[in-house]
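A short write-up of the structure that comes next.
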Amino acid sequence: MSLVSNLPLSQRVQRMSESETLKMAQMARELKAQGHNVINLSIGEPDFDTPAHIKEAAKQALDEGFTKYTPVPGIPELREAISTKFKRDNGLDYSPAQIVVSNGAKQSLANIFLSILDEGDEVLVLAPYWVSYSEIIKLAGGVPVILYAGFDQDYKVPAAAVAQAITPRTKALLFSSPCNPTGSVYTATELEAIAKVLGPHEQIYVVADEIYEYINFTGKHASIGTFPEVKERTITVNGFSKGFAMTGWRLGYMGAPKVIADACNKVQGQITSGANSFSQKAAAYALLADMTPTHQMREAFLQRRDMVIGLLEKIPGMKVNLPQGAFYIFPDISELFGKSDGKTTIHNANDFCDYVLMEGHVAVVSGSAFGADECFRLSYAASEAELRTAIERIGNMVARLH
Ligand code: PMP
Ligand code: GLU
């Protein structure tokens, strides 16, 4: 072994695990490259192209030579547009000075937890949770405290469970709604109950990840930052990847108390600087332009959701709820545990996902990555034909288990 491979990595990096969503997507790509007909339902990425008028705005910015470094927290016109959008869509008051634009919502989350956590600080994470939450918290020295709600609770954690988990070390509460991986949407009433529980605990920040805001089938998105009990200490995270099909453009943002925005600005200024210049121009345009393409994508996702649910419900051993947002289904497959096709025994969701990938050539992600060992996540951001074939294959794989 070389000298370099014997040198220790930092404790921080050793504590972290690799992103399971990105790992599964990479495995699917590799199997495809080997010539296998793999259907990849692992990664959460809209299959739609970025709407044409947004691409035009980026092209125009390039043609105008808008290709230099930008202010670290984002160009003024984008921060203005985000401030307007927060007010217009969410009833939230964040001035442009309270907004930081980053290289994706993932970076916004990293900036936030690097800014607020000291070693050993606890973050209440409503689970099932998005895979990177726990790892970003650990990287920042914090301790994720996982509060879990299963299938019978529609995967939504009640306020009473939050109340019980608060300790003097609790620094923040983190959740996504619409939720990745479950698609569940917290209602205004449910969020208000959580806000009331947090009200007296003034040391606790609320980090609300609303990146799936525009893929919400209930008709109304609720933001916890509107409730007076937590209004002053809510950090709202959002981005362009999902609602505008702009994953590769790498743009996310937050609205935060000024002191947090300033801290995130400082962190980002030393790590990555301002986000991509022409992406920001296009994003500023997108937020205030016609939202019809976004609404059309939402309608397409809704149709696919209904089709996928209809097909999955016919497969024995698969319990599915009716997700109200995002583009994921999160079946509970605990009834299949202990079954075998004579060669492979399914002990847990990891075994199931490996089995379905290797034998059925469908890539999905194990619930263990999201704090739910009895589930798997299927992204329906894929064509109807692909979805039909994939679920037929999953059905065939399950039928072999006895
Ligand atoms: N939060 C959630 C819940 C997500 O699903 C994603 C998707 N990757 C992100 C944040 C990060 O998105 P991005 O970095 O592409 O803006
Ligand atoms: N958020 C997406 C997912 O959950 C993208 C992949 C990632 O960044 O983890 O699949």
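Order determines the names: the first chain of the structure tokens is A, the second B, and so forth; residues in each chain are numbered 1 upward, and ligands are numbered 1 upward as they are shown.
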
TODO: Could you find all residues in stretch 142-236 of chain A that DSSP calls strand (DSSP E or B) from the backbone, and write them as a list in words?
DONE: Val143, Pro144, Val145, Ile146, Leu147, Tyr148, Thr170, Lys171, Ala172, Leu173, Leu174, Phe175, Ser176, Tyr205, Val206, Val207, Ala208, Asp209, Asn216, Thr234, Ile235 and Thr236 of chain A

Hey, could you make a per-residue contact list for chain A against ligand 1 with 9 Å as the cut-off, showing the nearest pair of atoms and its distance in Å to one decimal, counting only C-alpha atoms and all ligand atoms, sorted by chain and number, as JSON lines?
```
{"residue": "A:Thr21", "atom": "CA", "partner": "ligand 1", "partner_atom_place_in_ligand_line": "8 (N)", "distance": 9.0}
{"residue": "A:Ile43", "atom": "CA", "partner": "ligand 1", "partner_atom_place_in_ligand_line": "8 (N)", "distance": 8.5}
{"residue": "A:Gly44", "atom": "CA", "partner": "ligand 1", "partner_atom_place_in_ligand_line": "7 (C)", "distance": 6.4}
{"residue": "A:Glu45", "atom": "CA", "partner": "ligand 1", "partner_atom_place_in_ligand_line": "7 (C)", "distance": 7.5}
{"residue": "A:Ser102", "atom": "CA", "partner": "ligand 1", "partner_atom_place_in_ligand_line": "16 (O)", "distance": 8.4}
{"residue": "A:Asn103", "atom": "CA", "partner": "ligand 1", "partner_atom_place_in_ligand_line": "14 (O)", "distance": 6.9}
{"residue": "A:Gly104", "atom": "CA", "partner": "ligand 1", "partner_atom_place_in_ligand_line": "14 (O)", "distance": 3.5}
{"residue": "A:Ala105", "atom": "CA", "partner": "ligand 1", "partner_atom_place_in_ligand_line": "16 (O)", "distance": 3.6}
{"residue": "A:Lys106", "atom": "CA", "partner": "ligand 1", "partner_atom_place_in_ligand_line": "14 (O)", "distance": 3.9}
{"residue": "A:Gln107", "atom": "CA", "partner": "ligand 1", "partner_atom_place_in_ligand_line": "14 (O)", "distance": 6.4}
{"residue": "A:Ser108", "atom": "CA", "partner": "ligand 1", "partner_atom_place_in_ligand_line": "14 (O)", "distance": 7.9}
{"residue": "A:Leu109", "atom": "CA", "partner": "ligand 1", "partner_atom_place_in_ligand_line": "10 (C)", "distance": 7.7}
{"residue": "A:Tyr129", "atom": "CA", "partner": "ligand 1", "partner_atom_place_in_ligand_line": "3 (C)", "distance": 7.8}
{"residue": "A:Trp130", "atom": "CA", "partner": "ligand 1", "partner_atom_place_in_ligand_line": "3 (C)", "distance": 5.4}
{"residue": "A:Val131", "atom": "CA", "partner": "ligand 1", "partner_atom_place_in_ligand_line": "3 (C)", "distance": 8.4}
{"residue": "A:Ser132", "atom": "CA", "partner": "ligand 1", "partner_atom_place_in_ligand_line": "1 (N)", "distance": 8.0}
{"residue": "A:Tyr133", "atom": "CA", "partner": "ligand 1", "partner_atom_place_in_ligand_line": "1 (N)", "distance": 8.3}
{"residue": "A:Phe175", "atom": "CA", "partner": "ligand 1", "partner_atom_place_in_ligand_line": "3 (C)", "distance": 8.1}
{"residue": "A:Ser176", "atom": "CA", "partner": "ligand 1", "partner_atom_place_in_ligand_line": "3 (C)", "distance": 5.6}
{"residue": "A:Ser177", "atom": "CA", "partner": "ligand 1", "partner_atom_place_in_ligand_line": "3 (C)", "distance": 7.9}
{"residue": "A:Pro178", "atom": "CA", "partner": "ligand 1", "partner_atom_place_in_ligand_line": "3 (C)", "distance": 8.2}
{"residue": "A:Cys179", "atom": "CA", "partner": "ligand 1", "partner_atom_place_in_ligand_line": "3 (C)", "distance": 6.4}
{"residue": "A:Asn180", "atom": "CA", "partner": "ligand 1", "partner_atom_place_in_ligand_line": "3 (C)", "distance": 4.9}
{"residue": "A:Pro181", "atom": "CA", "partner": "ligand 1", "partner_atom_place_in_ligand_line": "5 (O)", "distance": 7.5}
{"residue": "A:Asp209", "atom": "CA", "partner": "ligand 1", "partner_atom_place_in_ligand_line": "1 (N)", "distance": 6.0}
{"residue": "A:Glu210", "atom": "CA", "partner": "ligand 1", "partner_atom_place_in_ligand_line": "3 (C)", "distance": 7.4}
{"residue": "A:Ile211", "atom": "CA", "partner": "ligand 1", "partner_atom_place_in_ligand_line": "1 (N)", "distance": 5.9}
{"residue": "A:Tyr212", "atom": "CA", "partner": "ligand 1", "partner_atom_place_in_ligand_line": "3 (C)", "distance": 7.2}
{"residue": "A:Val237", "atom": "CA", "partner": "ligand 1", "partner_atom_place_in_ligand_line": "10 (C)", "distance": 8.1}
{"residue": "A:Asn238", "atom": "CA", "partner": "ligand 1", "partner_atom_place_in_ligand_line": "16 (O)", "distance": 7.2}
{"residue": "A:Gly239", "atom": "CA", "partner": "ligand 1", "partner_atom_place_in_ligand_line": "16 (O)", "distance": 5.0}
{"residue": "A:Phe240", "atom": "CA", "partner": "ligand 1", "partner_atom_place_in_ligand_line": "16 (O)", "distance": 6.3}
{"residue": "A:Ser241", "atom": "CA", "partner": "ligand 1", "partner_atom_place_in_ligand_line": "15 (O)", "distance": 4.9}
{"residue": "A:Lys242", "atom": "CA", "partner": "ligand 1", "partner_atom_place_in_ligand_line": "15 (O)", "distance": 7.5}
{"residue": "A:Met246", "atom": "CA", "partner": "ligand 1", "partner_atom_place_in_ligand_line": "15 (O)", "distance": 7.9}
{"residue": "A:Thr247", "atom": "CA", "partner": "ligand 1", "partner_atom_place_in_ligand_line": "15 (O)", "distance": 5.1}
{"residue": "A:Gly248", "atom": "CA", "partner": "ligand 1", "partner_atom_place_in_ligand_line": "15 (O)", "distance": 7.5}
{"residue": "A:Trp249", "atom": "CA", "partner": "ligand 1", "partner_atom_place_in_ligand_line": "15 (O)", "distance": 8.4}
{"residue": "A:Arg250", "atom": "CA", "partner": "ligand 1", "partner_atom_place_in_ligand_line": "15 (O)", "distance": 6.0}
{"residue": "A:Leu251", "atom": "CA", "partner": "ligand 1", "partner_atom_place_in_ligand_line": "16 (O)", "distance": 5.7}
{"residue": "A:Gly252", "atom": "CA", "partner": "ligand 1", "partner_atom_place_in_ligand_line": "16 (O)", "distance": 4.7}
{"residue": "A:Tyr253", "atom": "CA", "partner": "ligand 1", "partner_atom_place_in_ligand_line": "16 (O)", "distance": 8.0}
{"residue": "A:Ala326", "atom": "CA", "partner": "ligand 1", "partner_atom_place_in_ligand_line": "5 (O)", "distance": 8.6}
```

Written selection (N, CA and C atoms) as a short mmCIF file (atom, residue, chain, number, x, y, z; two decimals), in the first residue's frame:
```
data_model
loop_
_atom_site.label_atom_id
_atom_site.label_comp_id
_atom_site.auth_asym_id
_atom_site.auth_seq_id
_atom_site.Cartn_x
_atom_site.Cartn_y
_atom_site.Cartn_z
N THR A 21 -28.26 8.32 -3.45
CA THR A 21 -28.98 8.63 -4.70
C THR A 21 -27.99 8.72 -5.85
N ILE A 43 -32.63 8.56 -9.58
CA ILE A 43 -32.29 9.95 -9.26
C ILE A 43 -33.51 10.86 -9.36
N GLY A 44 -33.57 11.84 -8.47
CA GLY A 44 -34.68 12.79 -8.49
C GLY A 44 -34.37 13.95 -9.39
N GLU A 45 -34.68 13.79 -10.66
CA GLU A 45 -34.34 14.82 -11.63
C GLU A 45 -35.44 14.89 -12.68
N SER A 102 -26.94 30.30 -4.10
CA SER A 102 -25.82 29.37 -4.04
C SER A 102 -25.82 28.45 -5.24
N ASN A 103 -24.78 27.62 -5.22
CA ASN A 103 -24.56 26.67 -6.30
C ASN A 103 -25.45 25.44 -6.08
N GLY A 104 -26.75 25.65 -6.03
CA GLY A 104 -27.70 24.56 -5.73
C GLY A 104 -28.18 24.67 -4.30
N ALA A 105 -29.41 24.17 -4.07
CA ALA A 105 -29.97 24.17 -2.70
C ALA A 105 -29.11 23.33 -1.77
N LYS A 106 -28.41 22.36 -2.35
CA LYS A 106 -27.53 21.51 -1.53
C LYS A 106 -26.47 22.39 -0.87
N GLN A 107 -25.92 23.31 -1.65
CA GLN A 107 -24.91 24.21 -1.06
C GLN A 107 -25.55 25.17 -0.05
N SER A 108 -26.78 25.59 -0.31
CA SER A 108 -27.45 26.46 0.66
C SER A 108 -27.51 25.73 2.01
N LEU A 109 -27.89 24.45 1.97
CA LEU A 109 -28.00 23.68 3.22
C LEU A 109 -26.64 23.56 3.91
N TYR A 129 -36.28 11.42 5.43
CA TYR A 129 -35.65 12.70 5.10
C TYR A 129 -34.76 12.54 3.87
N TRP A 130 -34.45 13.65 3.25
CA TRP A 130 -33.58 13.59 2.07
C TRP A 130 -32.17 13.20 2.49
N VAL A 131 -31.60 12.32 1.71
CA VAL A 131 -30.37 11.61 2.00
C VAL A 131 -29.20 12.50 2.47
N SER A 132 -29.10 13.71 1.91
CA SER A 132 -27.93 14.53 2.25
C SER A 132 -28.07 15.28 3.57
N TYR A 133 -29.27 15.35 4.12
CA TYR A 133 -29.45 16.12 5.36
C TYR A 133 -28.53 15.62 6.48
N PHE A 175 -36.65 19.97 7.61
CA PHE A 175 -37.57 19.08 6.90
C PHE A 175 -37.79 19.60 5.49
N SER A 176 -38.34 18.72 4.62
CA SER A 176 -38.76 19.18 3.29
C SER A 176 -40.24 18.90 3.13
N SER A 177 -40.92 19.83 2.50
CA SER A 177 -42.34 19.67 2.17
C SER A 177 -42.62 20.49 0.92
N PRO A 178 -43.15 19.90 -0.14
CA PRO A 178 -43.32 18.48 -0.38
C PRO A 178 -42.01 17.72 -0.10
N CYS A 179 -42.19 16.51 0.39
CA CYS A 179 -41.04 15.78 0.94
C CYS A 179 -40.35 14.88 -0.09
N ASN A 180 -39.04 14.99 -0.12
CA ASN A 180 -38.20 13.97 -0.74
C ASN A 180 -37.70 13.14 0.42
N PRO A 181 -38.01 11.86 0.53
CA PRO A 181 -38.38 10.91 -0.51
C PRO A 181 -39.86 10.51 -0.58
N ASP A 209 -37.07 23.26 3.74
CA ASP A 209 -36.60 23.02 2.37
C ASP A 209 -37.84 22.90 1.48
N GLU A 210 -38.05 23.92 0.66
CA GLU A 210 -39.28 24.00 -0.15
C GLU A 210 -38.97 23.83 -1.63
N ILE A 211 -37.94 23.05 -1.93
CA ILE A 211 -37.49 22.96 -3.33
C ILE A 211 -38.54 22.31 -4.25
N TYR A 212 -39.47 21.53 -3.67
CA TYR A 212 -40.53 20.93 -4.50
C TYR A 212 -41.83 21.74 -4.46
N VAL A 237 -35.36 27.45 2.29
CA VAL A 237 -34.46 27.04 1.21
C VAL A 237 -35.29 26.68 -0.01
N ASN A 238 -34.82 27.08 -1.17
CA ASN A 238 -35.54 26.74 -2.40
C ASN A 238 -34.51 26.70 -3.53
N GLY A 239 -34.95 26.43 -4.75
CA GLY A 239 -34.00 26.36 -5.85
C GLY A 239 -34.70 26.21 -7.18
N PHE A 240 -33.90 26.11 -8.21
CA PHE A 240 -34.45 26.07 -9.57
C PHE A 240 -34.45 24.67 -10.18
N SER A 241 -33.82 23.71 -9.49
CA SER A 241 -33.63 22.39 -10.09
C SER A 241 -34.94 21.69 -10.43
N LYS A 242 -35.90 21.77 -9.54
CA LYS A 242 -37.09 20.92 -9.70
C LYS A 242 -38.20 21.66 -10.46
N MET A 246 -34.06 22.67 -13.92
CA MET A 246 -32.76 23.31 -14.15
C MET A 246 -31.67 22.66 -13.28
N THR A 247 -31.69 21.34 -13.17
CA THR A 247 -30.73 20.67 -12.27
C THR A 247 -29.28 21.00 -12.61
N GLY A 248 -28.95 21.01 -13.89
CA GLY A 248 -27.55 21.21 -14.28
C GLY A 248 -27.10 22.66 -14.21
N TRP A 249 -28.02 23.56 -14.00
CA TRP A 249 -27.64 24.98 -13.96
C TRP A 249 -27.03 25.35 -12.61
N ARG A 250 -27.30 24.52 -11.61
CA ARG A 250 -26.78 24.65 -10.25
C ARG A 250 -27.12 25.98 -9.60
N LEU A 251 -28.37 26.13 -9.27
CA LEU A 251 -28.80 27.35 -8.58
C LEU A 251 -29.82 27.04 -7.50
N GLY A 252 -29.48 27.43 -6.30
CA GLY A 252 -30.41 27.34 -5.19
C GLY A 252 -30.33 28.63 -4.40
N TYR A 253 -31.20 28.78 -3.40
CA TYR A 253 -31.15 30.01 -2.61
C TYR A 253 -31.82 29.81 -1.27
N ALA A 326 -44.01 16.49 -5.06
CA ALA A 326 -42.73 16.00 -5.58
C ALA A 326 -42.96 14.96 -6.69
#
```

Task: Long-range neighbours of A:Ser95 as a list in words, 12 Å cut-off, only C-alpha atoms, 4 positions minimum in chain - done: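 The filter keeps Pro76, Leu78, Arg79, Glu80, Ala81, Ile82, Ser83, Thr84, Lys85, Phe86, Lys87, Ile99, Val100, Met254, Gly255, Ala256, Pro257, Lys258 and Ala261 of chain A.
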
Open item on the list: Residues of stretch 111-185 of chain A classed as alpha helix (DSSP H) by DSSP on the backbone are to be reported as a ChimeraX atom specification.
Closed with: /A:111-116,132-139,159-165

Task: Distance criterion (only C-alpha atoms and all ligand atoms): nearest to ligand 2 out of A:Glu119, A:Asp93, A:Glu384, A:Glu18 - done: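 Nearest to ligand 2: A:Glu18.
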
TODO: Have a look at atom CA of A:Val162 and atom 7 (C, counted along the ligand's line) of ligand 2 and let me know their distance in Å, one decimal.
DONE: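 Distance between the two atoms: 26.2 Å.
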
- [ ] With a distance cut-off of 9 Å and only C-alpha atoms, select the neighbouring residues of A:Leu302, excluding the residue or stretch itself and same-chain residues fewer than 2 positions from it, and output the selection as a list of chain:residue names.
- [x]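 Once the nearby chain positions are removed, what remains is A:Ile215, A:Asn216, A:Phe217, A:Met297, A:Arg298, A:Glu299, A:Ala300, A:Arg304, A:Arg305, A:Asp306, A:Met307, A:Gln324, A:Gly325, A:Phe327.
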
- [ ] Give me, please, the distance in Å between atom CA of A:Leu173 and atom CA of A:Glu20, quoted to one decimal.
- [x]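 Computed distance, atom CA of A:Leu173 to atom CA of A:Glu20, equals 22.6 Å.
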
- [ ] Tell me, as a ChimeraX atom specification, which residues lie within 8 Å of stretch 66-71 of chain A, counting only C-alpha atoms; anything in the same chain fewer than 6 positions away does not count.
- [x] /A:273-278

Give me a file of those residues, with C-alpha atoms, as a short mmCIF file (atom, residue, chain, number, x, y, z; two decimals), in the first residue's frame.
```cif
data_model
loop_
_atom_site.label_atom_id
_atom_site.label_comp_id
_atom_site.auth_asym_id
_atom_site.auth_seq_id
_atom_site.Cartn_x
_atom_site.Cartn_y
_atom_site.Cartn_z
CA SER A 273 -17.85 32.53 -4.47
CA GLY A 274 -20.94 33.66 -6.36
CA ALA A 275 -22.91 31.14 -8.42
CA ASN A 276 -22.75 30.90 -12.21
CA SER A 277 -23.27 34.33 -13.80
CA PHE A 278 -25.52 33.56 -16.76
#
```

Open item on the list: I want to know what sits within 8 Å of stretch 310-323 of chain A, based on only C-alpha atoms, with residues of the same chain fewer than 4 positions away left out; could you give that as a list in words?
Closed with: Phe151, Asp154, Thr182, Gly183, Ser184, Val185, Asp306, Tyr328, Ile329, Phe330, Pro331, Asp332, Ile333, Ser334, Glu335, Leu336, Arg388, Ile391, Gly395 and Val398 of chain A

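Shortest atom-to-atom contact with A:Leu126 among A:Ala97, A:Ala289, A:Leu174, A:Ile112: A:Leu174, counting only C-alpha atoms.
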